[in-house]
$ cat run-v6.csv   # CSV, N, CA and C atoms
chain,number,residue,atom,x,y,z
A,1,MET,N,47.9,59.0,-49.8
A,1,MET,CA,47.8,60.5,-49.7
A,1,MET,C,49.1,61.1,-49.3
A,2,GLY,N,49.1,62.4,-49.3
A,2,GLY,CA,50.3,63.1,-48.9
A,2,GLY,C,51.4,63.1,-49.9
A,3,ILE,N,52.7,63.0,-49.5
A,3,ILE,CA,53.8,63.1,-50.4
A,3,ILE,C,53.9,61.9,-51.3
A,4,SER,N,53.3,60.7,-50.9
A,4,SER,CA,53.3,59.5,-51.7
A,4,SER,C,52.2,59.6,-52.8
A,5,ASP,N,51.4,60.6,-52.7
A,5,ASP,CA,50.3,60.8,-53.7
A,5,ASP,C,50.8,61.9,-54.7
A,6,ASP,N,50.9,61.5,-56.0
A,6,ASP,CA,51.5,62.5,-56.9
A,6,ASP,C,50.4,63.4,-57.5
A,7,THR,N,49.2,63.3,-57.0
A,7,THR,CA,48.1,64.2,-57.5
A,7,THR,C,48.4,65.6,-57.0
A,8,PRO,N,48.5,66.6,-57.8
A,8,PRO,CA,48.7,68.0,-57.4
A,8,PRO,C,47.5,68.4,-56.4
A,9,VAL,N,47.9,69.1,-55.4
A,9,VAL,CA,46.9,69.5,-54.3
A,9,VAL,C,45.7,70.1,-55.0
A,10,PHE,N,45.8,71.0,-56.0
A,10,PHE,CA,44.7,71.7,-56.5
A,10,PHE,C,43.8,70.8,-57.4
A,11,ASP,N,44.2,69.5,-57.7
A,11,ASP,CA,43.4,68.6,-58.4
A,11,ASP,C,42.7,67.6,-57.5
A,12,ARG,N,42.9,67.7,-56.2
A,12,ARG,CA,42.3,66.7,-55.3
A,12,ARG,C,40.8,67.0,-55.1
A,13,ARG,N,40.1,66.0,-54.8
A,13,ARG,CA,38.7,66.1,-54.6
A,13,ARG,C,38.4,66.1,-53.1
A,14,PRO,N,37.2,66.7,-52.7
A,14,PRO,CA,36.9,66.7,-51.3
A,14,PRO,C,36.8,65.3,-50.7
A,15,VAL,N,37.3,65.2,-49.5
A,15,VAL,CA,37.3,63.9,-48.8
A,15,VAL,C,35.8,63.5,-48.5
A,16,THR,N,35.5,62.2,-48.4
A,16,THR,CA,34.1,61.8,-48.1
A,16,THR,C,34.2,60.8,-47.0
A,17,LEU,N,33.0,60.5,-46.4
A,17,LEU,CA,32.9,59.5,-45.4
A,17,LEU,C,33.4,58.1,-45.9
A,18,ASP,N,33.2,57.8,-47.1
A,18,ASP,CA,33.7,56.6,-47.7
A,18,ASP,C,35.3,56.5,-47.6
A,19,HIS,N,35.9,57.7,-47.9
A,19,HIS,CA,37.4,57.8,-47.8
A,19,HIS,C,37.8,57.5,-46.4
A,20,ILE,N,37.1,58.0,-45.4
A,20,ILE,CA,37.5,57.8,-44.0
A,20,ILE,C,37.3,56.3,-43.6
A,21,ARG,N,36.2,55.7,-44.1
A,21,ARG,CA,36.0,54.3,-43.8
A,21,ARG,C,37.2,53.5,-44.4
A,22,ALA,N,37.6,53.9,-45.6
A,22,ALA,CA,38.7,53.1,-46.2
A,22,ALA,C,40.0,53.3,-45.4
A,23,LEU,N,40.2,54.5,-44.9
A,23,LEU,CA,41.4,54.7,-44.1
A,23,LEU,C,41.3,53.9,-42.8
A,24,ARG,N,40.2,53.7,-42.3
A,24,ARG,CA,40.0,52.9,-41.0
A,24,ARG,C,40.3,51.5,-41.3
A,25,THR,N,40.2,51.0,-42.5
A,25,THR,CA,40.5,49.6,-42.8
A,25,THR,C,41.9,49.3,-42.7
A,26,LEU,N,42.8,50.3,-42.6
A,26,LEU,CA,44.2,50.1,-42.5
A,26,LEU,C,44.5,49.7,-41.0
A,27,GLY,N,43.5,49.8,-40.1
A,27,GLY,CA,43.7,49.3,-38.8
A,27,GLY,C,44.6,50.2,-37.9
A,28,PRO,N,45.2,49.7,-36.9
A,28,PRO,CA,46.1,50.4,-36.0
A,28,PRO,C,47.2,51.2,-36.7
A,29,GLY,N,47.6,50.7,-37.8
A,29,GLY,CA,48.7,51.4,-38.5
A,29,GLY,C,48.4,52.6,-39.2
A,30,ALA,N,47.1,53.0,-39.3
A,30,ALA,CA,46.6,54.2,-40.0
A,30,ALA,C,47.1,55.4,-39.2
A,31,ASP,N,47.4,56.5,-39.9
A,31,ASP,CA,47.8,57.7,-39.3
A,31,ASP,C,46.6,58.2,-38.4
A,32,GLU,N,47.0,58.8,-37.3
A,32,GLU,CA,46.0,59.3,-36.4
A,32,GLU,C,45.7,60.8,-36.7
A,33,LEU,N,46.7,61.5,-37.2
A,33,LEU,CA,46.5,62.9,-37.5
A,33,LEU,C,46.7,63.1,-39.0
A,34,TYR,N,46.0,64.1,-39.6
A,34,TYR,CA,46.0,64.4,-41.0
A,34,TYR,C,46.1,65.9,-41.1
A,35,LEU,N,46.9,66.4,-42.1
A,35,LEU,CA,46.9,67.8,-42.5
A,35,LEU,C,45.8,67.9,-43.5
A,36,VAL,N,44.8,68.8,-43.2
A,36,VAL,CA,43.7,69.0,-44.1
A,36,VAL,C,43.6,70.4,-44.5
A,37,PHE,N,42.8,70.7,-45.5
A,37,PHE,CA,42.6,72.1,-45.9
A,37,PHE,C,41.1,72.2,-46.3
A,38,SER,N,40.5,73.3,-45.8
A,38,SER,CA,39.2,73.7,-46.2
A,38,SER,C,39.0,75.2,-46.3
A,39,ALA,N,38.0,75.6,-47.0
A,39,ALA,CA,37.8,77.0,-47.1
A,39,ALA,C,37.4,77.6,-45.8
A,40,SER,N,36.7,76.8,-45.0
A,40,SER,CA,36.2,77.3,-43.7
A,40,SER,C,37.2,77.4,-42.6
A,41,GLY,N,38.2,76.5,-42.7
A,41,GLY,CA,39.2,76.5,-41.6
A,41,GLY,C,40.7,76.6,-42.0
A,42,GLY,N,40.9,76.7,-43.3
A,42,GLY,CA,42.3,76.8,-43.8
A,42,GLY,C,43.0,75.5,-43.6
A,43,ALA,N,44.3,75.6,-43.3
A,43,ALA,CA,45.1,74.4,-43.0
A,43,ALA,C,45.0,74.0,-41.6
A,44,GLU,N,44.7,72.8,-41.3
A,44,GLU,CA,44.6,72.3,-39.9
A,44,GLU,C,45.2,70.9,-39.8
A,45,VAL,N,45.6,70.5,-38.6
A,45,VAL,CA,46.0,69.1,-38.4
A,45,VAL,C,44.9,68.6,-37.5
A,46,LEU,N,44.3,67.5,-38.0
A,46,LEU,CA,43.1,67.0,-37.2
A,46,LEU,C,43.2,65.5,-37.1
A,47,PRO,N,42.6,65.0,-36.0
A,47,PRO,CA,42.5,63.5,-35.9
A,47,PRO,C,41.4,63.0,-36.8
A,48,LEU,N,41.5,61.7,-37.2
A,48,LEU,CA,40.5,61.1,-38.1
A,48,LEU,C,39.1,61.2,-37.6
A,49,ASP,N,38.9,61.1,-36.3
A,49,ASP,CA,37.6,61.2,-35.7
A,49,ASP,C,37.0,62.5,-35.9
A,50,THR,N,37.7,63.6,-35.7
A,50,THR,CA,37.2,64.9,-35.9
A,50,THR,C,36.9,65.2,-37.4
A,51,ILE,N,37.7,64.7,-38.3
A,51,ILE,CA,37.4,64.8,-39.7
A,51,ILE,C,36.0,64.1,-40.0
A,52,GLU,N,35.9,62.9,-39.5
A,52,GLU,CA,34.7,62.1,-39.7
A,52,GLU,C,33.4,62.9,-39.1
A,53,ARG,N,33.5,63.5,-37.9
A,53,ARG,CA,32.4,64.2,-37.4
A,53,ARG,C,32.1,65.4,-38.2
A,54,ARG,N,33.1,66.1,-38.7
A,54,ARG,CA,32.9,67.3,-39.5
A,54,ARG,C,32.2,66.9,-40.9
A,55,LEU,N,32.6,65.8,-41.4
A,55,LEU,CA,32.0,65.4,-42.7
A,55,LEU,C,30.6,65.1,-42.5
A,56,ALA,N,30.2,64.5,-41.4
A,56,ALA,CA,28.8,64.1,-41.1
A,56,ALA,C,28.0,65.4,-41.0
A,57,LYS,N,28.6,66.5,-40.7
A,57,LYS,CA,27.9,67.8,-40.6
A,57,LYS,C,28.0,68.6,-41.9
A,58,GLY,N,28.5,68.0,-43.0
A,58,GLY,CA,28.6,68.7,-44.2
A,58,GLY,C,29.9,69.5,-44.5
A,59,TRP,N,30.9,69.3,-43.7
A,59,TRP,CA,32.2,69.9,-44.0
A,59,TRP,C,32.8,69.5,-45.3
A,60,LEU,N,33.4,70.4,-46.0
A,60,LEU,CA,34.1,70.1,-47.3
A,60,LEU,C,35.6,70.5,-47.1
A,61,GLY,N,36.4,69.5,-47.3
A,61,GLY,CA,37.9,69.7,-47.2
A,61,GLY,C,38.6,68.6,-48.0
A,62,VAL,N,39.9,68.8,-48.0
A,62,VAL,CA,40.8,67.8,-48.7
A,62,VAL,C,41.8,67.4,-47.7
A,63,LEU,N,42.2,66.1,-47.8
A,63,LEU,CA,43.3,65.6,-47.1
A,63,LEU,C,44.6,65.9,-47.8
A,64,ILE,N,45.5,66.6,-47.2
A,64,ILE,CA,46.8,66.9,-47.8
A,64,ILE,C,47.8,65.8,-47.5
A,65,ALA,N,48.0,65.4,-46.3
A,65,ALA,CA,49.0,64.4,-45.9
A,65,ALA,C,48.6,63.8,-44.5
A,66,GLY,N,49.0,62.6,-44.4
A,66,GLY,CA,49.0,61.9,-43.1
A,66,GLY,C,50.2,62.3,-42.3
A,67,ALA,N,50.2,62.1,-41.0
A,67,ALA,CA,51.4,62.4,-40.2
A,67,ALA,C,52.6,61.8,-40.6
A,68,ARG,N,52.5,60.5,-41.1
A,68,ARG,CA,53.7,59.8,-41.5
A,68,ARG,C,54.3,60.3,-42.8
A,69,ASP,N,53.5,61.1,-43.6
A,69,ASP,CA,53.9,61.6,-44.8
A,69,ASP,C,54.7,62.9,-44.7
A,70,LEU,N,54.6,63.5,-43.5
A,70,LEU,CA,55.2,64.8,-43.3
A,70,LEU,C,56.7,64.6,-42.9
A,71,PRO,N,57.6,65.5,-43.4
A,71,PRO,CA,59.0,65.4,-43.1
A,71,PRO,C,59.2,65.8,-41.6
A,72,GLY,N,60.2,65.2,-41.0
A,72,GLY,CA,60.5,65.5,-39.6
A,72,GLY,C,60.7,67.0,-39.3
A,73,SER,N,61.2,67.7,-40.2
A,73,SER,CA,61.4,69.1,-40.0
A,73,SER,C,60.1,69.9,-39.8
A,74,VAL,N,59.0,69.4,-40.3
A,74,VAL,CA,57.7,70.0,-40.2
A,74,VAL,C,57.1,69.7,-38.8
A,75,ILE,N,57.4,68.5,-38.3
A,75,ILE,CA,56.8,68.0,-37.0
A,75,ILE,C,57.7,68.5,-35.9
A,76,GLY,N,59.0,68.5,-36.1
A,76,GLY,CA,59.9,68.9,-35.0
A,76,GLY,C,60.3,67.7,-34.2
A,77,PRO,N,61.3,68.0,-33.3
A,77,PRO,CA,61.7,66.8,-32.4
A,77,PRO,C,60.7,66.3,-31.5
A,78,GLU,N,60.7,65.0,-31.2
A,78,GLU,CA,59.7,64.4,-30.3
A,78,GLU,C,60.0,64.9,-28.9
A,79,ALA,N,59.0,65.1,-28.2
A,79,ALA,CA,59.2,65.5,-26.7
A,79,ALA,C,59.6,64.3,-25.9
$ encode --input "run-v6.csv" --output "structure tokens"
Amino acid sequence: MGISDDTPVFDRRPVTLDHIRALRTLGPGADELYLVFSASGGAEVLPLDTIERRLAKGWLGVLIAGARDLPGSVIGPEA
């Protein structure tokens, strides 16, 4: 996902619980934060657990990028 994914953002499908389960199989190396977009919340940076809870309640959104996919200029210097 993210910049490694060449799918245009407007062509992406809503994320599902199965997608979250697949991300979890990546283990400790999986991104903890994701840039997501939904009609209800706009653009947000959320932990995977929050995305999973929202999906269980019927939330519809797309994953734009994982934290590792974002350029440093977006994240800023580390504290």
$ residues_around --input "run-v6.csv" --residues "Ile20 in chain A" --least-positions-apart "4" --cutoff "8 Å" --atoms "all atoms listed in the file" --output "list in words"
Val15, Thr16, Arg24, Thr25, Leu48, Ile51 and Glu52 of chain A
$ write_last_selection --input "run-v6.csv" --atoms "N, CA and C atoms" --output "PDB file, in the coordinates of the input"
ATOM      1  N   VAL A  15      37.300  65.200 -49.500  1.00  0.00           N
ATOM      2  CA  VAL A  15      37.300  63.900 -48.800  1.00  0.00           C
ATOM      3  C   VAL A  15      35.800  63.500 -48.500  1.00  0.00           C
ATOM      4  N   THR A  16      35.500  62.200 -48.400  1.00  0.00           N
ATOM      5  CA  THR A  16      34.100  61.800 -48.100  1.00  0.00           C
ATOM      6  C   THR A  16      34.200  60.800 -47.000  1.00  0.00           C
ATOM      7  N   ARG A  24      40.200  53.700 -42.300  1.00  0.00           N
ATOM      8  CA  ARG A  24      40.000  52.900 -41.000  1.00  0.00           C
ATOM      9  C   ARG A  24      40.300  51.500 -41.300  1.00  0.00           C
ATOM     10  N   THR A  25      40.200  51.000 -42.500  1.00  0.00           N
ATOM     11  CA  THR A  25      40.500  49.600 -42.800  1.00  0.00           C
ATOM     12  C   THR A  25      41.900  49.300 -42.700  1.00  0.00           C
ATOM     13  N   LEU A  48      41.500  61.700 -37.200  1.00  0.00           N
ATOM     14  CA  LEU A  48      40.500  61.100 -38.100  1.00  0.00           C
ATOM     15  C   LEU A  48      39.100  61.200 -37.600  1.00  0.00           C
ATOM     16  N   ILE A  51      37.700  64.700 -38.300  1.00  0.00           N
ATOM     17  CA  ILE A  51      37.400  64.800 -39.700  1.00  0.00           C
ATOM     18  C   ILE A  51      36.000  64.100 -40.000  1.00  0.00           C
ATOM     19  N   GLU A  52      35.900  62.900 -39.500  1.00  0.00           N
ATOM     20  CA  GLU A  52      34.700  62.100 -39.700  1.00  0.00           C
ATOM     21  C   GLU A  52      33.400  62.900 -39.100  1.00  0.00           C
TER      22      GLU A  52
END
$ atom_distance --input "run-v6.csv" --atom1 "CA of Phe37 in chain A" --atom2 "CA of Thr50 in chain A"
13.5 Å
$ atom_distance --input "run-v6.csv" --atom1 "CA of Asp69 in chain A" --atom2 "atom C of Lys57 in chain A"
27.0 Å
$ closest_residue --input "run-v6.csv" --among "A:Leu55, A:Ala67, A:Gly61, A:Asp18" --to "Glu32 in chain A" --atoms "only C-alpha atoms"
A:Ala67
$ atom_distance --input "run-v6.csv" --atom1 "CA of Ala65 in chain A" --atom2 "CA of Asp11 in chain A"
14.3 Å
